[in-house]
>>> print(open('data-v5.cif').read())   # mmCIF, C-alpha atoms
data_work
loop_
_atom_site.label_atom_id
_atom_site.label_comp_id
_atom_site.auth_asym_id
_atom_site.auth_seq_id
_atom_site.Cartn_x
_atom_site.Cartn_y
_atom_site.Cartn_z
CA MET L 851 -26.69 95.15 16.57
CA LEU L 852 -24.81 91.91 17.30
CA PRO L 853 -23.96 91.53 21.00
CA VAL L 854 -20.36 90.93 21.96
CA ASN L 855 -19.84 88.53 24.87
CA ALA L 856 -17.12 89.61 27.23
CA SER L 857 -15.93 86.02 27.49
CA GLU L 858 -15.31 85.78 23.77
CA ALA L 859 -11.62 85.97 22.93
CA ALA L 860 -10.57 88.50 20.29
CA VAL L 861 -9.21 86.91 17.12
CA SER L 862 -5.86 88.18 15.80
CA THR L 863 -5.36 85.57 13.07
CA PHE L 864 -7.63 84.31 10.31
CA LEU L 865 -7.30 80.90 8.66
CA LEU L 866 -7.46 80.66 4.88
CA ILE L 867 -8.64 77.47 3.25
CA GLY L 868 -7.39 75.49 0.26
CA ILE L 869 -9.56 72.75 -1.22
CA PRO L 870 -11.21 70.67 1.53
CA GLY L 871 -10.60 66.93 1.21
CA LEU L 872 -7.53 67.31 -1.01
CA GLU L 873 -4.99 68.29 1.68
CA GLY L 874 -2.85 65.25 0.83
CA VAL L 875 -2.24 66.43 -2.74
CA TYR L 876 -1.73 70.13 -2.09
CA ILE L 877 1.87 69.90 -3.32
CA TRP L 878 0.64 68.57 -6.68
CA ILE L 879 -2.07 71.24 -6.91
CA SER L 880 0.61 73.87 -6.34
CA ILE L 881 2.42 72.87 -9.57
CA PRO L 882 -0.28 74.07 -12.04
CA ILE L 883 -0.96 77.13 -9.84
CA CYS L 884 2.76 78.05 -9.90
CA LEU L 885 2.80 77.51 -13.67
CA MET L 886 -0.29 79.69 -14.19
CA TYR L 887 1.17 82.35 -11.89
CA PHE L 888 4.44 82.36 -13.85
CA MET L 889 2.64 82.49 -17.21
CA ALA L 890 0.35 85.31 -16.03
CA VAL L 891 3.28 87.44 -14.86
CA LEU L 892 5.38 86.64 -17.94
CA GLY L 893 2.50 87.26 -20.36
CA ASN L 894 1.47 90.60 -18.89
CA CYS L 895 5.06 91.80 -18.54
CA THR L 896 5.61 90.87 -22.21
CA ILE L 897 2.55 92.90 -23.23
CA LEU L 898 3.80 95.91 -21.25
CA PHE L 899 7.34 95.62 -22.65
CA VAL L 900 6.27 95.26 -26.29
CA ILE L 901 3.82 98.18 -26.14
CA ARG L 902 6.35 100.35 -24.30
CA THR L 903 9.19 99.72 -26.76
CA GLU L 904 7.33 99.68 -30.10
CA PRO L 905 6.60 103.11 -31.66
CA SER L 906 3.95 101.54 -33.95
CA LEU L 907 1.91 100.52 -30.91
CA GLN L 908 1.61 104.01 -29.40
CA GLU L 909 -2.13 104.10 -30.01
CA PRO L 910 -4.99 104.60 -27.50
CA MET L 911 -6.10 100.96 -27.86
CA TYR L 912 -2.67 99.66 -26.83
CA HIS L 913 -2.32 102.18 -24.00
CA PHE L 914 -5.59 100.83 -22.58
CA LEU L 915 -4.27 97.30 -23.07
CA SER L 916 -1.23 98.30 -20.98
CA MET L 917 -3.60 99.43 -18.24
CA LEU L 918 -5.38 96.07 -18.41
CA ALA L 919 -2.06 94.21 -18.13
CA SER L 920 -1.06 96.39 -15.14
CA SER L 921 -4.39 95.59 -13.42
CA ASP L 922 -3.86 91.87 -14.08
CA LEU L 923 -0.38 92.03 -12.56
CA GLY L 924 -1.73 93.82 -9.50
CA LEU L 925 -4.45 91.20 -9.12
CA SER L 926 -1.89 88.39 -9.43
CA PHE L 927 0.62 89.88 -6.97
CA SER L 928 -2.05 90.64 -4.37
CA SER L 929 -3.71 87.21 -4.34
CA LEU L 930 -1.67 84.33 -5.76
CA PRO L 931 1.24 84.37 -3.25
CA ALA L 932 -1.28 83.72 -0.44
CA MET L 933 -2.72 80.80 -2.39
CA LEU L 934 0.75 79.36 -3.01
CA ARG L 935 1.56 79.56 0.73
CA ILE L 936 -1.39 77.27 1.42
CA PHE L 937 -0.69 74.70 -1.29
CA LEU L 938 3.10 74.68 -0.99
CA PHE L 939 3.63 75.02 2.77
CA ASN L 940 0.14 74.44 4.22
CA ALA L 941 0.50 77.89 5.82
CA MET L 942 -3.13 78.86 6.38
CA GLY L 943 -2.73 81.58 9.00
CA THR L 944 -2.81 85.29 8.19
CA SER L 945 -3.09 88.24 10.55
CA VAL L 946 -6.27 90.32 10.56
CA ASP L 947 -4.36 93.39 9.34
CA ALA L 948 -2.69 91.46 6.51
CA CYS L 949 -6.06 90.00 5.50
CA ILE L 950 -7.71 93.42 5.42
CA ALA L 951 -4.79 94.81 3.40
CA GLN L 952 -5.03 91.95 0.89
CA LYS L 953 -8.78 92.52 0.58
CA PHE L 954 -8.12 96.21 -0.16
CA PHE L 955 -5.71 95.41 -3.01
CA ILE L 956 -7.85 92.61 -4.47
CA HIS L 957 -11.01 94.72 -4.53
CA GLY L 958 -9.06 97.76 -5.72
CA PHE L 959 -7.45 95.99 -8.68
CA THR L 960 -10.74 94.22 -9.45
CA ASP L 961 -12.53 97.55 -9.73
CA MET L 962 -9.61 98.94 -11.73
CA GLU L 963 -9.81 96.07 -14.23
CA SER L 964 -13.56 96.53 -14.51
CA SER L 965 -13.01 100.23 -15.24
CA VAL L 966 -10.34 99.48 -17.86
CA LEU L 967 -12.66 97.03 -19.64
CA LEU L 968 -15.30 99.78 -19.69
CA ILE L 969 -12.79 102.27 -21.14
CA MET L 970 -11.76 99.74 -23.78
CA SER L 971 -15.39 99.23 -24.83
CA PHE L 972 -15.71 103.00 -25.24
CA ASP L 973 -12.48 102.98 -27.26
CA ARG L 974 -13.90 100.30 -29.61
CA PHE L 975 -17.21 102.19 -29.87
CA LEU L 976 -15.39 105.39 -30.81
CA ALA L 977 -13.05 103.67 -33.29
CA ILE L 978 -15.94 101.93 -35.10
CA CYS L 979 -18.73 104.50 -34.86
CA ASN L 980 -16.71 107.71 -35.18
CA PRO L 981 -13.36 106.80 -36.78
CA LEU L 982 -12.66 110.25 -38.26
CA ARG L 983 -12.61 111.88 -34.82
CA TYR L 984 -11.05 108.94 -32.98
CA HIS L 985 -7.48 110.30 -32.72
CA SER L 986 -8.61 113.87 -32.09
CA ILE L 987 -10.76 112.74 -29.15
CA LEU L 988 -8.41 110.14 -27.63
CA THR L 989 -5.15 112.06 -27.59
CA SER L 990 -2.17 110.72 -25.60
CA SER L 991 -2.68 113.25 -22.80
CA ARG L 992 -6.39 112.48 -22.62
CA VAL L 993 -5.71 108.73 -22.46
CA LEU L 994 -3.29 109.34 -19.58
CA HIS L 995 -5.84 111.52 -17.75
CA ILE L 996 -8.56 108.89 -18.23
CA GLY L 997 -6.29 106.16 -16.85
CA LEU L 998 -5.24 108.20 -13.82
CA THR L 999 -8.83 109.28 -13.13
CA PHE L 1000 -10.15 105.73 -13.10
CA ALA L 1001 -7.21 104.48 -11.01
CA PHE L 1002 -7.88 107.25 -8.47
CA LYS L 1003 -11.59 106.36 -8.52
CA SER L 1004 -10.81 102.71 -7.76
CA ILE L 1005 -8.62 103.67 -4.80
CA LEU L 1006 -11.21 106.05 -3.38
CA LEU L 1007 -13.99 103.50 -3.86
CA VAL L 1008 -12.36 100.78 -1.74
CA LEU L 1009 -10.47 103.03 0.69
CA PRO L 1010 -13.27 103.16 3.32
CA LEU L 1011 -13.42 99.35 3.58
CA PRO L 1012 -10.16 98.76 5.52
CA LEU L 1013 -11.09 101.55 7.91
CA THR L 1014 -14.55 100.15 8.65
CA LEU L 1015 -13.36 96.52 8.80
CA LYS L 1016 -10.65 97.51 11.27
CA ARG L 1017 -13.32 98.84 13.64
CA LEU L 1018 -15.18 95.50 13.74
CA LYS L 1019 -14.63 92.97 16.52
CA TYR L 1020 -13.69 89.40 15.57
CA CYS L 1021 -14.18 86.67 18.16
CA ASN L 1022 -14.06 82.87 18.18
CA LYS L 1023 -14.73 82.28 14.46
CA ARG L 1024 -11.65 82.70 12.27
CA LEU L 1025 -11.95 80.23 9.37
CA LEU L 1026 -12.43 81.91 5.99
CA SER L 1027 -14.02 80.07 3.06
CA HIS L 1028 -11.47 80.97 0.36
CA SER L 1029 -7.72 80.82 -0.16
CA TYR L 1030 -7.50 84.61 -0.05
CA CYS L 1031 -9.34 87.38 1.79
CA LEU L 1032 -12.65 88.69 0.45
CA LEU L 1033 -15.00 91.25 1.98
CA GLN L 1034 -17.95 88.84 2.29
CA ASP L 1035 -15.79 86.34 4.15
CA ILE L 1036 -14.33 88.82 6.61
CA MET L 1037 -17.74 90.31 7.43
CA LYS L 1038 -19.14 86.86 8.29
CA LEU L 1039 -16.51 86.48 11.02
CA ALA L 1040 -17.40 89.76 12.76
CA CYS L 1041 -19.21 89.56 16.09
CA SER L 1042 -20.13 93.27 16.09
CA ASP L 1043 -22.46 95.32 13.92
CA ASN L 1044 -21.29 95.09 10.29
CA ARG L 1045 -24.22 96.74 8.53
CA VAL L 1046 -22.09 99.64 7.28
CA ASN L 1047 -19.68 97.21 5.61
CA PHE L 1048 -22.57 95.20 4.17
CA TYR L 1049 -24.24 98.18 2.51
CA TYR L 1050 -20.98 99.70 1.32
CA GLY L 1051 -19.88 96.33 -0.07
CA LEU L 1052 -23.19 96.15 -1.91
CA PHE L 1053 -22.54 99.64 -3.29
CA ILE L 1054 -19.12 98.55 -4.60
CA THR L 1055 -20.68 95.48 -6.21
CA LEU L 1056 -23.31 97.63 -7.91
CA CYS L 1057 -20.59 99.96 -9.21
CA THR L 1058 -18.74 97.00 -10.73
CA MET L 1059 -21.93 95.60 -12.23
CA SER L 1060 -22.79 99.03 -13.67
CA ASP L 1061 -19.52 98.86 -15.62
CA SER L 1062 -20.66 95.59 -17.18
CA MET L 1063 -24.03 97.10 -18.11
CA LEU L 1064 -22.36 100.09 -19.76
CA ILE L 1065 -20.11 97.70 -21.71
CA VAL L 1066 -23.22 95.90 -22.98
CA VAL L 1067 -24.76 99.26 -23.98
CA SER L 1068 -21.62 100.23 -25.92
CA TYR L 1069 -21.74 96.97 -27.88
CA VAL L 1070 -25.44 97.47 -28.62
CA PHE L 1071 -24.54 100.78 -30.26
CA ILE L 1072 -21.67 99.12 -32.14
CA LEU L 1073 -24.05 96.45 -33.46
CA LYS L 1074 -26.56 99.09 -34.50
CA THR L 1075 -23.86 100.91 -36.46
CA VAL L 1076 -22.15 98.03 -38.21
CA LEU L 1077 -21.54 94.34 -37.69
CA ALA L 1078 -17.87 94.80 -36.79
CA LEU L 1079 -17.47 92.29 -33.98
CA ASN L 1080 -14.30 90.83 -35.53
CA THR L 1081 -12.42 93.89 -34.31
CA CYS L 1082 -13.80 93.42 -30.78
CA VAL L 1083 -13.44 89.65 -30.27
CA SER L 1084 -10.49 89.95 -27.87
CA HIS L 1085 -12.28 92.50 -25.74
CA ILE L 1086 -15.53 90.50 -25.67
CA TYR L 1087 -13.62 87.41 -24.48
CA ALA L 1088 -11.79 89.48 -21.85
CA VAL L 1089 -15.11 90.87 -20.58
CA LEU L 1090 -16.62 87.36 -20.34
CA ILE L 1091 -13.54 85.91 -18.60
CA PHE L 1092 -13.66 88.72 -16.02
CA TYR L 1093 -17.38 89.11 -15.34
CA VAL L 1094 -18.71 85.52 -15.57
CA PRO L 1095 -16.73 84.31 -12.49
CA ILE L 1096 -17.60 87.50 -10.57
CA ILE L 1097 -21.33 87.21 -11.25
CA THR L 1098 -21.32 83.45 -10.60
CA LEU L 1099 -19.43 83.93 -7.31
CA ALA L 1100 -21.85 86.69 -6.24
CA ILE L 1101 -24.81 84.36 -6.90
CA MET L 1102 -23.11 81.56 -4.93
CA HIS L 1103 -22.58 83.88 -1.95
CA ARG L 1104 -26.20 85.00 -2.21
CA PHE L 1105 -27.52 81.42 -2.12
CA PRO L 1106 -24.88 79.50 -0.10
CA LYS L 1107 -27.28 76.73 0.96
CA HIS L 1108 -27.68 75.66 -2.68
CA THR L 1109 -23.94 75.75 -3.46
CA LEU L 1110 -21.25 73.18 -2.78
CA PRO L 1111 -18.37 74.74 -0.77
CA VAL L 1112 -15.82 73.23 -3.17
CA ALA L 1113 -17.61 74.77 -6.16
CA MET L 1114 -17.51 78.18 -4.46
CA ILE L 1115 -13.78 77.82 -3.72
CA LEU L 1116 -12.96 76.76 -7.29
CA MET L 1117 -14.99 79.62 -8.77
CA ALA L 1118 -13.27 82.12 -6.45
CA ASP L 1119 -9.87 80.79 -7.54
CA ALA L 1120 -10.91 80.97 -11.21
CA PHE L 1121 -11.95 84.60 -10.67
CA LEU L 1122 -8.35 85.51 -9.78
CA LEU L 1123 -6.45 83.03 -11.97
CA ALA L 1124 -8.29 83.26 -15.29
CA PRO L 1125 -8.09 86.97 -16.28
CA PRO L 1126 -4.33 87.52 -15.65
CA LEU L 1127 -3.54 84.21 -17.39
CA MET L 1128 -5.89 84.44 -20.36
CA ASN L 1129 -5.83 88.15 -21.27
CA PRO L 1130 -2.22 88.18 -22.61
CA ILE L 1131 -2.89 84.97 -24.56
CA LEU L 1132 -6.10 86.38 -26.04
CA TYR L 1133 -4.55 89.64 -27.15
CA CYS L 1134 -1.45 87.95 -28.56
CA VAL L 1135 -3.52 85.45 -30.53
CA LYS L 1136 -6.35 87.75 -31.66
CA THR L 1137 -4.50 91.05 -32.17
CA ARG L 1138 -2.20 90.80 -35.18
CA GLN L 1139 -0.08 93.86 -34.32
CA ILE L 1140 0.69 92.54 -30.84
CA ARG L 1141 1.36 89.02 -32.14
CA VAL L 1142 3.76 90.24 -34.84
CA LYS L 1143 5.74 92.44 -32.45
CA VAL L 1144 6.00 89.71 -29.80
CA LEU L 1145 7.30 87.27 -32.43
CA GLU L 1146 9.80 89.89 -33.62
CA LYS L 1147 11.08 90.37 -30.08
CA LEU L 1148 11.43 86.60 -29.59
CA GLU L 1149 13.28 86.29 -32.93
CA LYS L 1150 15.73 89.03 -31.92
CA LEU L 1151 16.35 87.31 -28.58
CA SER L 1152 17.02 83.97 -30.29
CA LEU L 1153 19.47 85.61 -32.73
CA LYS L 1154 21.33 87.31 -29.86
CA SER L 1155 21.60 84.03 -27.96
CA LYS L 1156 23.31 82.48 -31.00
#
>>> encode(input="data-v5.cif", output="structure tokens")
Amino acid sequence: MLPVNASEAAVSTFLLIGIPGLEGVYIWISIPICLMYFMAVLGNCTILFVIRTEPSLQEPMYHFLSMLASSDLGLSFSSLPAMLRIFLFNAMGTSVDACIAQKFFIHGFTDMESSVLLIMSFDRFLAICNPLRYHSILTSSRVLHIGLTFAFKSILLVLPLPLTLKRLKYCNKRLLSHSYCLLQDIMKLACSDNRVNFYYGLFITLCTMSDSMLIVVSYVFILKTVLALNTCVSHIYAVLIFYVPIITLAIMHRFPKHTLPVAMILMADAFLLAPPLMNPILYCVKTRQIRVKVLEKLEKLSLKSK
């Protein structure tokens, strides 16, 4: 157990970090971040609106895509405003409670997105390998129950973390290594025993990685059945965009001595910026039904404006 010195002052505020060495150009860095934030919110809201209003898109695949867009929005709203505060106003301070709350939402929506990607791989497996029973298995009510079950699972999975982090003591050290709050960062600042958080954080990581392994298994079965990857290209790209930064960041945290701090910061930012930004673009470009309906909506808007 880590000893706590009575002379050590309790920390009530953590300091987030931008990109070390580039403080003079933070205002310019904020421009592409603002643009990506706007495009991520606009793209995912467009996906949700089109699927919600188009009767032809009331299929299990598009309901799962709506869940993915909702997860991306949650991830964007819980992380990017804190990043923008740093780059726009150089406001690095955040209270311990606010940091723990942000960590809860980031890890919750991350697990939710991982779960949705797993569900979508099962959806593709079922559609390709058992098409005759696809609609009888994935009914609208069953899709809703699956979505609610996985959302509830994500909440329950990360719910103990704020409670255990709140019990830790934080003294002297208060500088985090990212522009938002992550579990690994907060635990490093604790001056009391954090073994419970360490092992539970490892458990959450293993749960997320198990989703990726099950996705790989589902695609192995798809490949064994038929070479139908053209129907899964969007999902494969979405899986890579989500998991590659997570796995890379986990490796960087595991071997920090062999990693440049700037590289770790950039990878952590990519982990939160890339999926919400790229997923709507991928599914609009690669999914013909979505692309056609989005273009129809834009055409109607342009005609109304005239």
>>> resolve_selection(input="data-v5.cif", expression="the PyMOL selection byres ((chain L and resi 966-980) around 9)", output="PyMOL selection string")
chain L and resi 910-911+914-915+917-918+921+961-965+981-985+987-988+996-997+1000+1061-1062+1064-1066+1068-1069+1071-1072+1075-1076+1078+1081-1082+1085-1086+1088-1089
>>> atom_distance(input="data-v5.cif", atom1="atom CA of Ala890 of chain L", atom2="atom CA of Ile867 of chain L")
22.7 Å
>>> closest_residue(input="data-v5.cif", among="L:Thr989, L:Asn1047, L:Gln952, L:Asn940", to="Gly924 of chain L", atoms="all atoms listed in the file")
L:Gln952
>>> residues_around(input="data-v5.cif", residues="Ser1027 of chain L", least_positions_apart="5", cutoff="12 Å", atoms="only C-alpha atoms", output="PyMOL selection string")
chain L and resi 864-870+942+1032-1039+1103+1106+1110-1119
>>> write_last_selection(input="data-v5.cif", atoms="C-alpha atoms", output="mmCIF file, keeping the file's coordinate frame")
data_model
loop_
_atom_site.group_PDB
_atom_site.id
_atom_site.type_symbol
_atom_site.label_atom_id
_atom_site.label_comp_id
_atom_site.auth_asym_id
_atom_site.auth_seq_id
_atom_site.Cartn_x
_atom_site.Cartn_y
_atom_site.Cartn_z
ATOM 1 C CA PHE L 864 -7.630 84.310 10.310
ATOM 2 C CA LEU L 865 -7.300 80.900 8.660
ATOM 3 C CA LEU L 866 -7.460 80.660 4.880
ATOM 4 C CA ILE L 867 -8.640 77.470 3.250
ATOM 5 C CA GLY L 868 -7.390 75.490 0.260
ATOM 6 C CA ILE L 869 -9.560 72.750 -1.220
ATOM 7 C CA PRO L 870 -11.210 70.670 1.530
ATOM 8 C CA MET L 942 -3.130 78.860 6.380
ATOM 9 C CA LEU L 1032 -12.650 88.690 0.450
ATOM 10 C CA LEU L 1033 -15.000 91.250 1.980
ATOM 11 C CA GLN L 1034 -17.950 88.840 2.290
ATOM 12 C CA ASP L 1035 -15.790 86.340 4.150
ATOM 13 C CA ILE L 1036 -14.330 88.820 6.610
ATOM 14 C CA MET L 1037 -17.740 90.310 7.430
ATOM 15 C CA LYS L 1038 -19.140 86.860 8.290
ATOM 16 C CA LEU L 1039 -16.510 86.480 11.020
ATOM 17 C CA HIS L 1103 -22.580 83.880 -1.950
ATOM 18 C CA PRO L 1106 -24.880 79.500 -0.100
ATOM 19 C CA LEU L 1110 -21.250 73.180 -2.780
ATOM 20 C CA PRO L 1111 -18.370 74.740 -0.770
ATOM 21 C CA VAL L 1112 -15.820 73.230 -3.170
ATOM 22 C CA ALA L 1113 -17.610 74.770 -6.160
ATOM 23 C CA MET L 1114 -17.510 78.180 -4.460
ATOM 24 C CA ILE L 1115 -13.780 77.820 -3.720
ATOM 25 C CA LEU L 1116 -12.960 76.760 -7.290
ATOM 26 C CA MET L 1117 -14.990 79.620 -8.770
ATOM 27 C CA ALA L 1118 -13.270 82.120 -6.450
ATOM 28 C CA ASP L 1119 -9.870 80.790 -7.540
#
>>> axis_aligned_box(input="data-v5.cif", around="segment 943-955 of chain L", padding_each_side="6 Å", output="AutoDock Vina command-line options")
--center_x -5.7 --center_y 88.9 --center_z 3.8 --size_x 18.1 --size_y 26.6 --size_z 25.6
>>> closest_residue(input="data-v5.cif", among="L:Lys1154, L:Leu930, L:Lys1143, L:Ile1005", to="Val900 of chain L", atoms="all atoms listed in the file")
L:Lys1143
>>> closest_residue(input="data-v5.cif", among="L:Ile1096, L:Cys1041, L:Ile1091, L:Ile936", to="Leu1132 of chain L", atoms="all atoms listed in the file")
L:Ile1091
>>> closest_residue(input="data-v5.cif", among="L:Ile956, L:Ala919, L:Leu1011, L:Val993", to="Tyr1049 of chain L", atoms="all atoms listed in the file")
L:Leu1011
>>> resolve_selection(input="data-v5.cif", expression="the PyMOL selection byres ((chain L and resi 938) around 7)", output="list in words")
Tyr876, Ile877, Ser880, Leu934, Arg935, Ile936, Phe937, Phe939 and Asn940 of chain L
>>> atom_distance(input="data-v5.cif", atom1="atom CA of Leu1018 of chain L", atom2="atom CA of Ser1042 of chain L")
5.9 Å
>>> resolve_selection(input="data-v5.cif", expression="the PyMOL selection byres ((chain L and resi 1050) around 12)", output="PyMOL selection string")
chain L and resi 1007-1012+1014-1015+1033-1034+1037+1044-1049+1051-1057
>>> closest_residue(input="data-v5.cif", among="L:Thr896, L:Leu872, L:Phe955, L:Phe888", to="Val1144 of chain L", atoms="all atoms listed in the file")
L:Thr896
>>> atom_distance(input="data-v5.cif", atom1="atom CA of Cys1134 of chain L", atom2="atom CA of Leu925 of chain L")
19.9 Å
>>> residues_around(input="data-v5.cif", residues="Ala860 of chain L", least_positions_apart="6", cutoff="10 Å", atoms="all atoms listed in the file", output="ChimeraX atom specification")
/L:1019-1024,1041
